[in-house]
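The next block holds one structure in the form of structure tokens; read it before the comments.
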Amino acid sequence: MAETAAPHMLVDLFDTQIMNRHLDLWARRSKGKTFYSIGSSGHEGTAAMAAATRATDMAFLHYRDGAFLIQRKKQAGGLTPLYDMALSFAASADDPISGGRHKVLGCAHTFVPPQTSTIASHLPKAVGAAHSLGLARRLQLDDAVLPHDSIILCSFGDASANHSTSQGAFNAACWAAYQHLPMPIVFLCEDNGIGISVRTPGGWIAANFAHRPALKYIACDGADLNDALRGCHEAVAYARARRRPVFLHMQTVRLMGHAGADVELSYAPIAQIEAAEAQDP
Ligand SMILES: Cc1ncc(C[n+]2csc(CCOP(=O)(O)OP(=O)(O)O)c2C)c(N)n1
Ligand SMILES: [Mg+2]
């Protein structure tokens, strides 16, 4: 049983989760104002990862990490996460992170490089960033942009983990850590059991990642804020202190389909959709 976080922290995170949900609902309902509306509903447990990391822990995000970004920007203060994301959903030229290219998650002030939905493309970049932290420390670069005890966060979905680009990144991280090179990275796998319309086989992610060389494996439940906080804090503390890679396997659900244009009923039985809704975080 997970320890209970401070009430004010839980209320703050719940507030973020609700903000994320309303943003998704707004994006789906404002026909003609927003475009490609891939949502973050069901993945709101990622708010816990924002609480467990610092704004200087560079974050390469999965496209369902709206709640993470809202929470990180809230913590930084003086930023306008909902307004900025609304600009992005509407492909506005005023969107501060992409200038209206696409629905992009990112924030220059809090070290979130702009990320679109090209799955797995960010994993090698994240591993490179984690490697650079070790190099900066070794070269004693006093003017390094990121503090020497930073970690890198890299999140992605269960299906994305199978992509050859992801597999290359995991292998590079393990290869480095196996020979004791610093590799302070948390791989956050948001496992909702599906990739568009294709089910991930039950137990596949744990079977694939629980026993990789030099990769610490931790599991947590994204529908339970206390357990999500426990898992995120454990993963971040390990990567920060040991300078070694961690695979954090977070259970999530995908709500409201893959994206705005997706009709889930065309490939999923109603019982499966209802079962996901019953696990709404
Ligand atoms: C390089 C690339 N190949 C294929 C796609 C099409 N695509 C978009 S999402 C997706 C599946 C992702 O599933 P998962 O990683 O489980 O994330 P989820 O949507 O379930 O959160 C695919 C194949 C893409 N966006 N980018
Ligand atoms: Mg998935």
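Labeling convention for the structure tokens: chains A, B, ... as they appear, residues from 1 per chain, ligands from 1 in order of appearance.
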Requested in this report: Within range 53-268 of chain A, find each residue whose DSSP state, derived from the backbone, is strand (DSSP E), and express the selection as a ChimeraX atom specification.
Outcome: /A:59-60,105-107,112-115,152-157,185-191,194-195,198-199,216-221,246-251
Report task. Give me the residues within 12 Å of Asn192 in chain A as JSON, numbers by chain, counting only C-alpha atoms and dropping any in the same chain fewer than 6 places off. Result -> {"A": [40, 41, 42, 43, 44, 45, 64, 156, 157, 158, 159, 160, 198, 199, 200, 201, 202, 203, 204, 205, 221, 222, 223, 249, 250, 251, 252, 253, 254, 255, 257, 258, 273, 275, 276, 277, 279, 280]}
Could the residues in this selection be written to a file with C-alpha atoms, as an mmCIF file, in the first residue's frame?
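Contents of the output file part-v1.cif:
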data_model
loop_
_atom_site.group_PDB
_atom_site.id
_atom_site.type_symbol
_atom_site.label_atom_id
_atom_site.label_comp_id
_atom_site.auth_asym_id
_atom_site.auth_seq_id
_atom_site.Cartn_x
_atom_site.Cartn_y
_atom_site.Cartn_z
ATOM 1 C CA SER A 40 -4.083 13.157 -22.772
ATOM 2 C CA SER A 41 -7.213 11.837 -21.058
ATOM 3 C CA GLY A 42 -6.519 8.750 -18.954
ATOM 4 C CA HIS A 43 -2.839 9.646 -18.745
ATOM 5 C CA GLU A 44 -3.306 12.370 -16.118
ATOM 6 C CA GLY A 45 -1.144 10.385 -13.673
ATOM 7 C CA ARG A 64 -0.255 12.415 -24.080
ATOM 8 C CA PHE A 156 6.433 7.292 -24.538
ATOM 9 C CA GLY A 157 3.616 4.785 -25.052
ATOM 10 C CA ASP A 158 3.648 0.984 -24.833
ATOM 11 C CA ALA A 159 3.465 0.508 -28.612
ATOM 12 C CA SER A 160 6.194 3.112 -29.186
ATOM 13 C CA VAL A 198 -3.547 -2.740 -32.016
ATOM 14 C CA ARG A 199 -3.531 -4.346 -28.545
ATOM 15 C CA THR A 200 -0.220 -4.768 -26.763
ATOM 16 C CA PRO A 201 -0.001 -8.399 -25.595
ATOM 17 C CA GLY A 202 -0.712 -8.694 -21.851
ATOM 18 C CA GLY A 203 2.476 -8.540 -19.781
ATOM 19 C CA TRP A 204 4.662 -7.645 -22.788
ATOM 20 C CA ILE A 205 6.169 -4.444 -21.389
ATOM 21 C CA ASP A 221 -0.322 2.751 -11.192
ATOM 22 C CA GLY A 222 -1.131 5.975 -13.036
ATOM 23 C CA ALA A 223 -4.746 5.807 -11.844
ATOM 24 C CA HIS A 249 6.275 1.316 -16.132
ATOM 25 C CA MET A 250 3.130 3.348 -15.429
ATOM 26 C CA GLN A 251 -0.282 1.779 -16.003
ATOM 27 C CA THR A 252 -2.634 4.196 -17.748
ATOM 28 C CA VAL A 253 -5.853 4.021 -19.761
ATOM 29 C CA ARG A 254 -6.625 5.709 -23.050
ATOM 30 C CA LEU A 255 -9.911 7.586 -22.863
ATOM 31 C CA GLY A 257 -10.034 7.147 -28.414
ATOM 32 C CA HIS A 258 -6.676 7.586 -30.095
ATOM 33 C CA ILE A 273 -14.229 0.865 -23.807
ATOM 34 C CA ALA A 275 -13.642 -1.153 -18.792
ATOM 35 C CA ALA A 276 -11.175 1.639 -19.605
ATOM 36 C CA GLU A 277 -13.667 4.281 -18.471
ATOM 37 C CA GLN A 279 -10.410 2.985 -14.528
ATOM 38 C CA ASP A 280 -10.537 6.734 -15.165
#
Query raised in the report: So which residues touch Ala161 in chain A within 12 Å, counting only C-alpha atoms, skipping near sequence neighbours fewer than 2 positions away, as a PyMOL selection string?
Result: chain A and resi 62+119-123+154-159+163-171+187-191+193-195+200+204-206+208-209+247+249
Just to be explicit: take each residue in the selection above, keep N, CA, C and O atoms, and write the result as a compact mmCIF listing (two decimals), in the first residue's frame.
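For reference, out-v1.txt as written:
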# COMPACT_ATOMS: atom_id res chain seq x y z
N HIS A 62 6.02 12.23 -24.28
CA HIS A 62 5.00 11.55 -25.07
C HIS A 62 3.90 12.58 -25.39
O HIS A 62 3.68 13.51 -24.61
N ILE A 119 6.30 9.08 -33.27
CA ILE A 119 6.65 8.20 -32.14
C ILE A 119 8.11 7.76 -32.18
O ILE A 119 8.68 7.55 -33.25
N ALA A 120 8.70 7.67 -30.99
CA ALA A 120 10.05 7.16 -30.76
C ALA A 120 11.17 8.11 -31.19
O ALA A 120 12.32 7.90 -30.83
N SER A 121 10.83 9.16 -31.93
CA SER A 121 11.88 10.03 -32.47
C SER A 121 12.65 10.74 -31.38
O SER A 121 13.80 11.16 -31.58
N HIS A 122 12.03 10.90 -30.20
CA HIS A 122 12.68 11.67 -29.13
C HIS A 122 13.56 10.81 -28.22
O HIS A 122 14.31 11.35 -27.42
N LEU A 123 13.46 9.49 -28.32
CA LEU A 123 14.23 8.66 -27.38
C LEU A 123 15.74 8.77 -27.58
O LEU A 123 16.47 8.94 -26.60
N CYS A 154 12.19 10.88 -20.20
CA CYS A 154 11.78 10.54 -21.56
C CYS A 154 10.54 9.65 -21.48
O CYS A 154 10.62 8.53 -20.98
N SER A 155 9.39 10.14 -21.95
CA SER A 155 8.16 9.36 -21.85
C SER A 155 7.66 8.96 -23.24
O SER A 155 7.95 9.62 -24.24
N PHE A 156 6.91 7.86 -23.26
CA PHE A 156 6.43 7.29 -24.54
C PHE A 156 5.36 6.26 -24.22
O PHE A 156 5.17 5.87 -23.05
N GLY A 157 4.67 5.78 -25.25
CA GLY A 157 3.62 4.78 -25.05
C GLY A 157 4.13 3.36 -25.16
O GLY A 157 5.26 3.11 -25.59
N ASP A 158 3.27 2.40 -24.80
CA ASP A 158 3.65 0.98 -24.83
C ASP A 158 3.97 0.50 -26.25
O ASP A 158 4.93 -0.23 -26.46
N ALA A 159 3.19 0.94 -27.24
CA ALA A 159 3.46 0.51 -28.61
C ALA A 159 4.74 1.16 -29.14
O ALA A 159 5.52 0.53 -29.86
N HIS A 163 9.23 0.30 -31.30
CA HIS A 163 9.82 0.91 -32.49
C HIS A 163 11.34 0.72 -32.48
O HIS A 163 11.98 0.81 -31.43
N SER A 164 11.91 0.46 -33.63
CA SER A 164 13.36 0.20 -33.70
C SER A 164 14.16 1.39 -33.17
O SER A 164 15.24 1.22 -32.59
N THR A 165 13.60 2.60 -33.35
CA THR A 165 14.30 3.79 -32.85
C THR A 165 14.34 3.79 -31.32
O THR A 165 15.34 4.17 -30.71
N SER A 166 13.24 3.32 -30.69
CA SER A 166 13.23 3.19 -29.23
C SER A 166 14.21 2.11 -28.80
O SER A 166 14.99 2.29 -27.86
N GLN A 167 14.16 0.98 -29.48
CA GLN A 167 15.02 -0.14 -29.10
C GLN A 167 16.50 0.25 -29.17
O GLN A 167 17.30 -0.15 -28.33
N GLY A 168 16.84 1.03 -30.17
CA GLY A 168 18.22 1.51 -30.28
C GLY A 168 18.59 2.40 -29.11
O GLY A 168 19.71 2.34 -28.58
N ALA A 169 17.64 3.23 -28.69
CA ALA A 169 17.90 4.14 -27.57
C ALA A 169 18.05 3.37 -26.25
O ALA A 169 18.96 3.64 -25.46
N PHE A 170 17.17 2.39 -26.02
CA PHE A 170 17.30 1.58 -24.79
C PHE A 170 18.63 0.85 -24.78
O PHE A 170 19.33 0.79 -23.76
N ASN A 171 18.99 0.29 -25.93
CA ASN A 171 20.24 -0.46 -26.01
C ASN A 171 21.44 0.44 -25.73
O ASN A 171 22.36 0.06 -24.99
N PHE A 187 13.12 6.51 -18.21
CA PHE A 187 12.23 6.17 -19.31
C PHE A 187 10.85 5.91 -18.70
O PHE A 187 10.68 4.95 -17.95
N LEU A 188 9.91 6.77 -19.00
CA LEU A 188 8.56 6.60 -18.47
C LEU A 188 7.67 5.99 -19.55
O LEU A 188 7.33 6.66 -20.53
N CYS A 189 7.32 4.71 -19.38
CA CYS A 189 6.45 4.05 -20.34
C CYS A 189 5.01 4.12 -19.86
O CYS A 189 4.66 3.55 -18.83
N GLU A 190 4.18 4.84 -20.60
CA GLU A 190 2.76 5.00 -20.24
C GLU A 190 1.98 3.90 -20.95
O GLU A 190 1.65 4.01 -22.13
N ASP A 191 1.72 2.84 -20.20
CA ASP A 191 1.16 1.62 -20.80
C ASP A 191 -0.36 1.61 -20.70
O ASP A 191 -0.92 1.29 -19.66
N GLY A 193 -2.01 -0.21 -22.94
CA GLY A 193 -2.38 -1.51 -23.52
C GLY A 193 -2.74 -1.49 -24.99
O GLY A 193 -3.15 -2.52 -25.54
N ILE A 194 -2.55 -0.34 -25.65
CA ILE A 194 -2.98 -0.26 -27.06
C ILE A 194 -2.15 0.77 -27.82
O ILE A 194 -1.64 1.72 -27.22
N GLY A 195 -1.98 0.57 -29.12
CA GLY A 195 -1.36 1.54 -30.01
C GLY A 195 -2.30 1.73 -31.18
O GLY A 195 -2.48 0.82 -31.99
N THR A 200 -1.53 -4.28 -27.21
CA THR A 200 -0.22 -4.77 -26.76
C THR A 200 -0.47 -6.07 -26.00
O THR A 200 -1.36 -6.10 -25.14
N TRP A 204 3.53 -7.80 -21.87
CA TRP A 204 4.66 -7.64 -22.79
C TRP A 204 5.70 -6.64 -22.28
O TRP A 204 6.91 -6.89 -22.32
N ILE A 205 5.23 -5.50 -21.79
CA ILE A 205 6.17 -4.44 -21.39
C ILE A 205 7.02 -4.92 -20.21
O ILE A 205 8.26 -4.78 -20.21
N ALA A 206 6.39 -5.53 -19.21
CA ALA A 206 7.16 -6.03 -18.06
C ALA A 206 8.12 -7.12 -18.50
O ALA A 206 9.30 -7.13 -18.11
N ASN A 208 9.47 -7.54 -21.32
CA ASN A 208 10.51 -6.98 -22.18
C ASN A 208 11.53 -6.14 -21.41
O ASN A 208 12.70 -6.09 -21.77
N PHE A 209 11.08 -5.47 -20.33
CA PHE A 209 11.97 -4.48 -19.71
C PHE A 209 12.36 -4.74 -18.26
O PHE A 209 13.23 -4.05 -17.74
N PHE A 247 13.63 2.36 -15.89
CA PHE A 247 12.43 2.17 -16.70
C PHE A 247 11.25 2.19 -15.75
O PHE A 247 11.07 1.30 -14.93
N HIS A 249 7.43 1.88 -15.41
CA HIS A 249 6.27 1.32 -16.13
C HIS A 249 5.00 1.78 -15.44
O HIS A 249 4.63 1.28 -14.39
Query raised in the report: Of the candidates A:Val145, A:Ile196, A:Ile70, A:Met49, which one gets nearest to ligand 1 if we count only C-alpha atoms and all ligand atoms?
Result: A:Ile196
